[in-house]
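File shown here: work.pdb, holding PDB, C-alpha atoms.
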ATOM      1  CA  MET A   1      17.968 -17.003 -14.405
ATOM      2  CA  PRO A   2      15.861 -17.522 -17.568
ATOM      3  CA  ASN A   3      13.068 -15.076 -18.396
ATOM      4  CA  ASN A   4      10.353 -17.712 -18.048
ATOM      5  CA  PHE A   5       7.328 -15.783 -16.841
ATOM      6  CA  LYS A   6       5.191 -18.940 -16.785
ATOM      7  CA  ALA A   7       7.463 -20.472 -14.169
ATOM      8  CA  ILE A   8       6.356 -17.982 -11.507
ATOM      9  CA  ASP A   9       2.979 -17.302  -9.898
ATOM     10  CA  PHE A  10       1.969 -14.010 -11.516
ATOM     11  CA  GLU A  11      -1.046 -13.336  -9.308
ATOM     12  CA  TYR A  12       0.839 -14.144  -6.105
ATOM     13  CA  LEU A  13       3.656 -11.743  -6.998
ATOM     14  CA  LEU A  14       1.138  -9.103  -8.033
ATOM     15  CA  ILE A  15      -0.667  -9.264  -4.674
ATOM     16  CA  GLU A  16       2.688  -9.182  -2.864
ATOM     17  CA  HIS A  17       4.081  -6.185  -4.727
ATOM     18  CA  TYR A  18       1.237  -4.118  -6.193
ATOM     19  CA  LYS A  19       1.536  -1.532  -3.410
ATOM     20  CA  ASN A  20       5.250  -1.031  -4.104
ATOM     21  CA  LEU A  21       4.440  -0.625  -7.810
ATOM     22  CA  ASN A  22       2.031   2.210  -6.943
ATOM     23  CA  ILE A  23      -1.005   0.263  -8.160
ATOM     24  CA  SER A  24      -4.324   1.182  -6.559
ATOM     25  CA  GLU A  25      -6.974  -1.361  -5.559
ATOM     26  CA  ASN A  26      -9.179  -0.383  -8.520
ATOM     27  CA  GLU A  27      -6.213  -0.778 -10.851
ATOM     28  CA  LEU A  28      -5.399  -4.112  -9.226
ATOM     29  CA  ALA A  29      -8.936  -5.347  -9.855
ATOM     30  CA  VAL A  30      -8.765  -4.321 -13.515
ATOM     31  CA  ILE A  31      -5.376  -6.066 -13.906
ATOM     32  CA  LEU A  32      -6.655  -9.293 -12.335
ATOM     33  CA  VAL A  33      -9.742  -9.413 -14.533
ATOM     34  CA  LEU A  34      -7.685  -8.483 -17.596
ATOM     35  CA  ASN A  35      -5.259 -11.303 -16.801
ATOM     36  CA  HIS A  36      -8.202 -13.684 -16.357
ATOM     37  CA  LEU A  37      -9.502 -12.836 -19.838
ATOM     38  CA  LEU A  38      -6.033 -13.041 -21.384
ATOM     39  CA  LYS A  39      -5.596 -16.550 -19.947
ATOM     40  CA  GLN A  40      -8.796 -17.472 -21.771
ATOM     41  CA  LYS A  41      -7.061 -16.533 -25.035
ATOM     42  CA  ASN A  42      -9.107 -13.381 -25.640
ATOM     43  CA  ASP A  43      -7.032 -11.320 -28.065
ATOM     44  CA  ILE A  44      -9.155  -8.184 -28.168
ATOM     45  CA  ILE A  45     -10.297  -7.030 -24.733
ATOM     46  CA  THR A  46     -12.254  -3.805 -24.313
ATOM     47  CA  ALA A  47     -13.415  -1.805 -21.310
ATOM     48  CA  GLU A  48     -16.920  -3.089 -22.055
ATOM     49  CA  ALA A  49     -15.717  -6.696 -21.943
ATOM     50  CA  LEU A  50     -14.013  -6.073 -18.607
ATOM     51  CA  SER A  51     -17.124  -4.382 -17.195
ATOM     52  CA  PHE A  52     -19.121  -7.608 -17.629
ATOM     53  CA  LYS A  53     -16.865  -9.169 -14.984
ATOM     54  CA  MET A  54     -16.680  -6.116 -12.704
ATOM     55  CA  ASN A  55     -18.782  -3.626 -10.775
ATOM     56  CA  LEU A  56     -16.945  -0.714 -12.434
ATOM     57  CA  GLU A  57     -18.512   1.137 -15.359
ATOM     58  CA  PRO A  58     -16.810   0.956 -18.781
ATOM     59  CA  ARG A  59     -15.851   4.631 -18.488
ATOM     60  CA  GLU A  60     -14.075   4.017 -15.157
ATOM     61  CA  ILE A  61     -12.305   0.950 -16.556
ATOM     62  CA  ASP A  62     -11.230   2.882 -19.656
ATOM     63  CA  GLU A  63      -9.758   5.652 -17.470
ATOM     64  CA  THR A  64      -7.997   3.055 -15.299
ATOM     65  CA  LEU A  65      -6.500   1.347 -18.343
ATOM     66  CA  SER A  66      -5.194   4.709 -19.605
ATOM     67  CA  ILE A  67      -3.476   5.270 -16.249
ATOM     68  CA  LEU A  68      -1.973   1.777 -16.320
ATOM     69  CA  VAL A  69      -0.624   2.377 -19.834
ATOM     70  CA  LYS A  70       0.990   5.632 -18.667
ATOM     71  CA  LYS A  71       2.549   3.789 -15.718
ATOM     72  CA  ASN A  72       4.013   1.230 -18.173
ATOM     73  CA  ILE A  73       2.116  -1.572 -16.469
ATOM     74  CA  VAL A  74      -0.261  -2.390 -19.327
ATOM     75  CA  ASP A  75       0.788  -2.279 -22.964
ATOM     76  CA  LEU A  76      -1.659  -1.021 -25.594
ATOM     77  CA  GLU A  77      -0.921  -2.142 -29.135
ATOM     78  CA  ILE A  78      -2.965  -0.575 -31.925
ATOM     79  CA  LYS A  79      -3.724  -2.950 -34.812
ATOM     80  CA  GLY A  80      -5.737  -1.266 -37.519
ATOM     81  CA  THR A  81      -9.049  -0.296 -35.966
ATOM     82  CA  SER A  82      -8.591  -2.480 -32.892
ATOM     83  CA  ALA A  83      -6.460  -2.222 -29.772
ATOM     84  CA  LYS A  84      -4.763  -5.175 -28.067
ATOM     85  CA  LEU A  85      -3.959  -5.082 -24.339
ATOM     86  CA  SER A  86      -0.964  -6.879 -22.845
ATOM     87  CA  LEU A  87       0.384  -7.312 -19.308
ATOM     88  CA  LEU A  88       3.937  -7.973 -20.509
ATOM     89  CA  PRO A  89       5.366  -4.754 -18.960
ATOM     90  CA  LEU A  90       3.901  -5.715 -15.572
ATOM     91  CA  ARG A  91       5.143  -9.289 -15.911
ATOM     92  CA  LYS A  92       8.668  -7.987 -16.556
ATOM     93  CA  LYS A  93       8.481  -5.741 -13.489
ATOM     94  CA  LEU A  94       7.248  -8.598 -11.299
ATOM     95  CA  PHE A  95       9.831 -11.010 -12.687
ATOM     96  CA  ASN A  96      12.615  -8.540 -11.878
ATOM     97  CA  GLN A  97      11.173  -8.160  -8.374
ATOM     98  CA  PHE A  98      11.079 -11.950  -8.084
ATOM     99  CA  LYS A  99      14.804 -12.136  -8.902
ATOM    100  CA  ILE A 100      15.525  -9.408  -6.339
ATOM    101  CA  ASP A 101      13.527 -11.326  -3.711
ATOM    102  CA  ILE A 102      15.488 -14.512  -4.451
ATOM    103  CA  LEU A 103      18.811 -12.694  -4.116
ATOM    104  CA  LYS A 104      17.694 -11.125  -0.828
ATOM    105  CA  GLU A 105      16.619 -14.516   0.497
ATOM    106  CA  GLU A 106      19.934 -16.100  -0.504
ATOM    107  CA  GLU A 107      21.834 -13.247   1.136
ATOM    108  CA  ALA A 108      19.751 -13.609   4.322
ATOM    109  CA  GLN A 109      20.440 -17.361   4.401
ATOM    110  CA  LYS A 110      24.146 -16.703   3.892
ATOM    111  CA  GLU A 111      24.210 -14.169   6.737
ATOM    112  CA  GLU A 112      22.339 -16.582   9.007
ATOM    113  CA  MET A 113      24.759 -19.397   8.209
ATOM    114  CA  LEU A 114      27.788 -17.172   8.795
ATOM    115  CA  SER A 115      26.329 -16.120  12.141
ATOM    116  CA  LYS A 116      25.886 -19.767  13.166
ATOM    117  CA  MET A 117      29.456 -20.540  12.092
ATOM    118  CA  GLN A 118      30.771 -17.628  14.142
ATOM    119  CA  ASN A 119      28.925 -18.990  17.182
ATOM    120  CA  VAL A 120      30.502 -22.422  16.674
ATOM    121  CA  TYR A 121      33.947 -20.857  16.221
ATOM    122  CA  GLY A 122      33.455 -19.116  19.571
ATOM    123  CA  VAL A 123      32.375 -22.319  21.355
ATOM    124  CA  LEU A 124      35.348 -24.304  20.044
ATOM    125  CA  GLU A 125      37.923 -21.564  20.624
ATOM    126  CA  LYS A 126      36.698 -21.295  24.209
ATOM    127  CA  GLU A 127      37.235 -25.020  24.773
ATOM    128  CA  LEU A 128      40.516 -25.184  22.843
ATOM    129  CA  LYS A 129      41.725 -21.974  24.540
ATOM    130  CA  ARG A 130      43.218 -20.759  21.281
ATOM    131  CA  THR A 131      42.337 -19.383  17.870
ATOM    132  CA  LEU A 132      41.179 -21.902  15.281
ATOM    133  CA  SER A 133      43.542 -22.698  12.423
ATOM    134  CA  PRO A 134      42.473 -22.240   8.777
ATOM    135  CA  ILE A 135      42.239 -26.051   8.384
ATOM    136  CA  GLU A 136      39.991 -26.296  11.455
ATOM    137  CA  ILE A 137      37.784 -23.481  10.162
ATOM    138  CA  SER A 138      37.524 -25.285   6.827
ATOM    139  CA  ARG A 139      36.462 -28.484   8.607
ATOM    140  CA  ILE A 140      33.748 -26.608  10.519
ATOM    141  CA  GLN A 141      32.481 -25.132   7.256
ATOM    142  CA  GLU A 142      32.304 -28.655   5.850
ATOM    143  CA  TRP A 143      30.132 -29.750   8.780
ATOM    144  CA  PHE A 144      27.601 -27.103   7.858
ATOM    145  CA  THR A 145      27.868 -28.017   4.176
ATOM    146  CA  ILE A 146      26.744 -31.584   4.914
ATOM    147  CA  ASN A 147      23.860 -30.269   7.017
ATOM    148  CA  TYR A 148      25.097 -30.658  10.559
ATOM    149  CA  THR A 149      23.400 -27.923  12.561
ATOM    150  CA  GLU A 150      24.823 -25.499  15.072
ATOM    151  CA  LYS A 151      23.003 -27.473  17.782
ATOM    152  CA  ASP A 152      24.487 -30.772  16.534
ATOM    153  CA  ILE A 153      28.002 -29.372  16.852
ATOM    154  CA  GLU A 154      27.403 -27.777  20.253
ATOM    155  CA  ASN A 155      25.864 -31.025  21.543
ATOM    156  CA  ALA A 156      28.897 -32.964  20.320
ATOM    157  CA  VAL A 157      31.157 -30.585  22.275
ATOM    158  CA  LYS A 158      28.959 -30.958  25.388
ATOM    159  CA  ASP A 159      29.064 -34.747  25.097
ATOM    160  CA  LEU A 160      32.863 -34.723  24.966
ATOM    161  CA  ILE A 161      33.039 -32.471  28.024
ATOM    162  CA  ALA A 162      30.480 -34.593  29.921
ATOM    163  CA  THR A 163      32.488 -37.770  29.293
ATOM    164  CA  GLY A 164      35.767 -36.140  30.283
ATOM    165  CA  LYS A 165      37.237 -36.362  26.794
ATOM    166  CA  LYS A 166      39.452 -33.720  25.247
ATOM    167  CA  VAL A 167      37.673 -31.386  22.866
ATOM    168  CA  THR A 168      39.380 -31.367  19.469
ATOM    169  CA  ILE A 169      38.104 -30.879  15.941
ATOM    170  CA  ASN A 170      38.700 -34.568  15.174
ATOM    171  CA  ALA A 171      36.885 -35.621  18.352
ATOM    172  CA  VAL A 172      33.884 -33.469  17.448
ATOM    173  CA  ASP A 173      34.032 -34.859  13.920
ATOM    174  CA  LYS A 174      33.836 -38.424  15.254
ATOM    175  CA  LYS A 175      30.917 -37.491  17.525
ATOM    176  CA  LEU A 176      29.032 -36.023  14.587
ATOM    177  CA  LEU A 177      29.729 -39.099  12.467
ATOM    178  CA  ALA A 178      28.573 -41.389  15.283
ATOM    179  CA  LYS A 179      25.342 -39.414  15.544
ATOM    180  CA  ALA A 180      24.809 -39.622  11.784
ATOM    181  CA  LYS A 181      25.447 -43.393  11.869
ATOM    182  CA  ALA A 182      22.974 -43.883  14.724
ATOM    183  CA  GLU A 183      20.295 -41.869  12.969
ATOM    184  CA  GLU A 184      20.785 -43.759   9.700
ATOM    185  CA  LEU A 185      20.683 -47.134  11.454
ATOM    186  CA  ASN A 186      17.542 -46.120  13.308
ATOM    187  CA  LYS A 187      15.890 -44.963  10.096
ATOM    188  CA  GLU A 188      17.140 -47.463   7.500
ATOM    189  CA  GLY A 189      18.467 -50.378   9.532
ATOM    190  CA  VAL A 190      21.816 -50.113   7.730
ATOM    191  CA  THR A 191      24.477 -47.447   7.289
ATOM    192  CA  ALA A 192      26.949 -46.675   4.523
ATOM    193  CA  LEU A 193      28.924 -44.346   6.782
ATOM    194  CA  SER A 194      32.349 -45.453   7.965
ATOM    195  CA  ASP A 195      35.419 -44.205   9.786
ATOM    196  CA  LYS A 196      37.286 -44.283   6.485
ATOM    197  CA  TRP A 197      34.670 -41.939   5.055
ATOM    198  CA  SER A 198      35.256 -39.661   8.023
ATOM    199  CA  LYS A 199      39.015 -39.609   7.477
ATOM    200  CA  ASN A 200      38.556 -38.722   3.810
ATOM    201  CA  MET A 201      35.810 -36.224   4.484
ATOM    202  CA  GLU A 202      37.819 -33.181   3.457
ATOM    203  CA  GLU A 203      38.369 -34.522  -0.069
ATOM    204  CA  THR A 204      34.791 -35.820  -0.364
ATOM    205  CA  ILE A 205      33.001 -32.678   0.777
ATOM    206  CA  LYS A 206      35.009 -30.261  -1.375
ATOM    207  CA  ILE A 207      32.918 -31.395  -4.355
ATOM    208  CA  ALA A 208      29.719 -30.379  -2.582
ATOM    209  CA  LYS A 209      30.946 -27.071  -1.160
ATOM    210  CA  MET A 210      28.574 -24.181  -1.677
ATOM    211  CA  LYS A 211      29.934 -21.253  -3.690
ATOM    212  CA  TRP A 212      29.516 -18.801  -0.848
ATOM    213  CA  LEU A 213      31.965 -20.766   1.277
ATOM    214  CA  ASP A 214      34.634 -19.904  -1.279
ATOM    215  CA  ASP A 215      33.704 -16.241  -0.853
TER
END
Entire entry expressed as structure tokens:
Amino acid sequence: MPNNFKAIDFEYLLIEHYKNLNISENELAVILVLNHLLKQKNDIITAEALSFKMNLEPREIDETLSILVKKNIVDLEIKGTSAKLSLLPLRKKLFNQFKIDILKEEEAQKEEMLSKMQNVYGVLEKELKRTLSPIEISRIQEWFTINYTEKDIENAVKDLIATGKKVTINAVDKKLLAKAKAEELNKEGVTALSDKWSKNMEETIKIAKMKWLDD
């Protein structure tokens, strides 16, 4: 993931995570106003300049900035007789937290998908009265890869049972394809789906398999 700070919402992440970063509400207010002035291309920002936008006195703001520098949240760069403030350390912290959040979300989605697959395995093994083969498990994974839901698959099994047909992986596959065809016809008036596509599905879907399925 590239270190593109501009690609993320700095203020949103700050509000979400300032408590975890041990930033007080006064410090948060100073950071937000400082960021506001930095976005306006102000190179030299003083406590006095910040106080014009805040209810805090310059002395309080100066003390708060010193604390933020010690916490490695604000960077203070001395240039001759002037001092330049930067929020780069905080941006790095928030960007790292953003990456952690993304990884946690991906992991949660993976766990949810695996749980749904396990439920489908159970439903089909109950009807087949045996353990699924590796090829059958792979086919079920492919159903999820092309966005069939757990409910879609369970409904296909129920339809087969209701019509007195034998429940097999191929029979469920045909039910799912028929549903997809009907939905596409209803929406577009035409369909590009075919039985031949269904028969070659294993080769076709391998290209689109998500990495976690390989795991």
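Nearest to Phe98 of chain A of all the residues A:Asp43, A:Glu48, A:Glu27, A:Glu16 is A:Glu16, based on all atoms listed in the file.
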Revision key, fill the gap. Counting only C-alpha atoms, the residue among A:Leu132, A:Val33, A:Ala180, A:Val120 that lies closest to Val157 of chain A is A:Val120
Expected axis-aligned box over every listed atom of segment 30-49 of chain A, 3 Å added per side, centre plus edges in Å to one decimal, as lines of an AutoDock Vina configuration file:
center_x = -11.1
center_y = -9.6
center_z = -20.3
size_x = 17.7
size_y = 21.7
size_z = 21.8
Exercise for review: Could you state which residues are captured by the PyMOL selection byres ((chain A and resi 128) around 12) in this file, as a list in words?
Suggested key: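 Residues picked by the PyMOL selection byres ((chain A and resi 128) around 12): Tyr121, Gly122, Val123, Leu124, Glu125, Lys126, Glu127, Lys129, Arg130, Thr131, Leu132, Ser133, Glu136, Val157, Ile161, Lys166, Val167, Thr168, Ile169, Ala171 and Val172 of chain A.
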Practice item. Would you please work out which residue, of A:Lys165, A:Lys116, A:Lys110, A:Lys79, is nearest to Glu150 of chain A when using only C-alpha atoms? Key: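 Nearest candidate to Glu150 of chain A out of A:Lys165, A:Lys116, A:Lys110, A:Lys79: A:Lys116.
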Exercise for review: I need the residue set behind the PyMOL selection byres ((chain A and resi 18) around 12) for this file; please write it as a PyMOL selection string.
Suggested key: chain A and resi 10-17+19-29+31-32+73+90-91+93-94+97
Practice item. Using atom CA of Ile137 of chain A and atom CA of Leu185 of chain A as the two end points, give the distance in Å to one decimal. Key: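 Distance between the two atoms: 29.2 Å.
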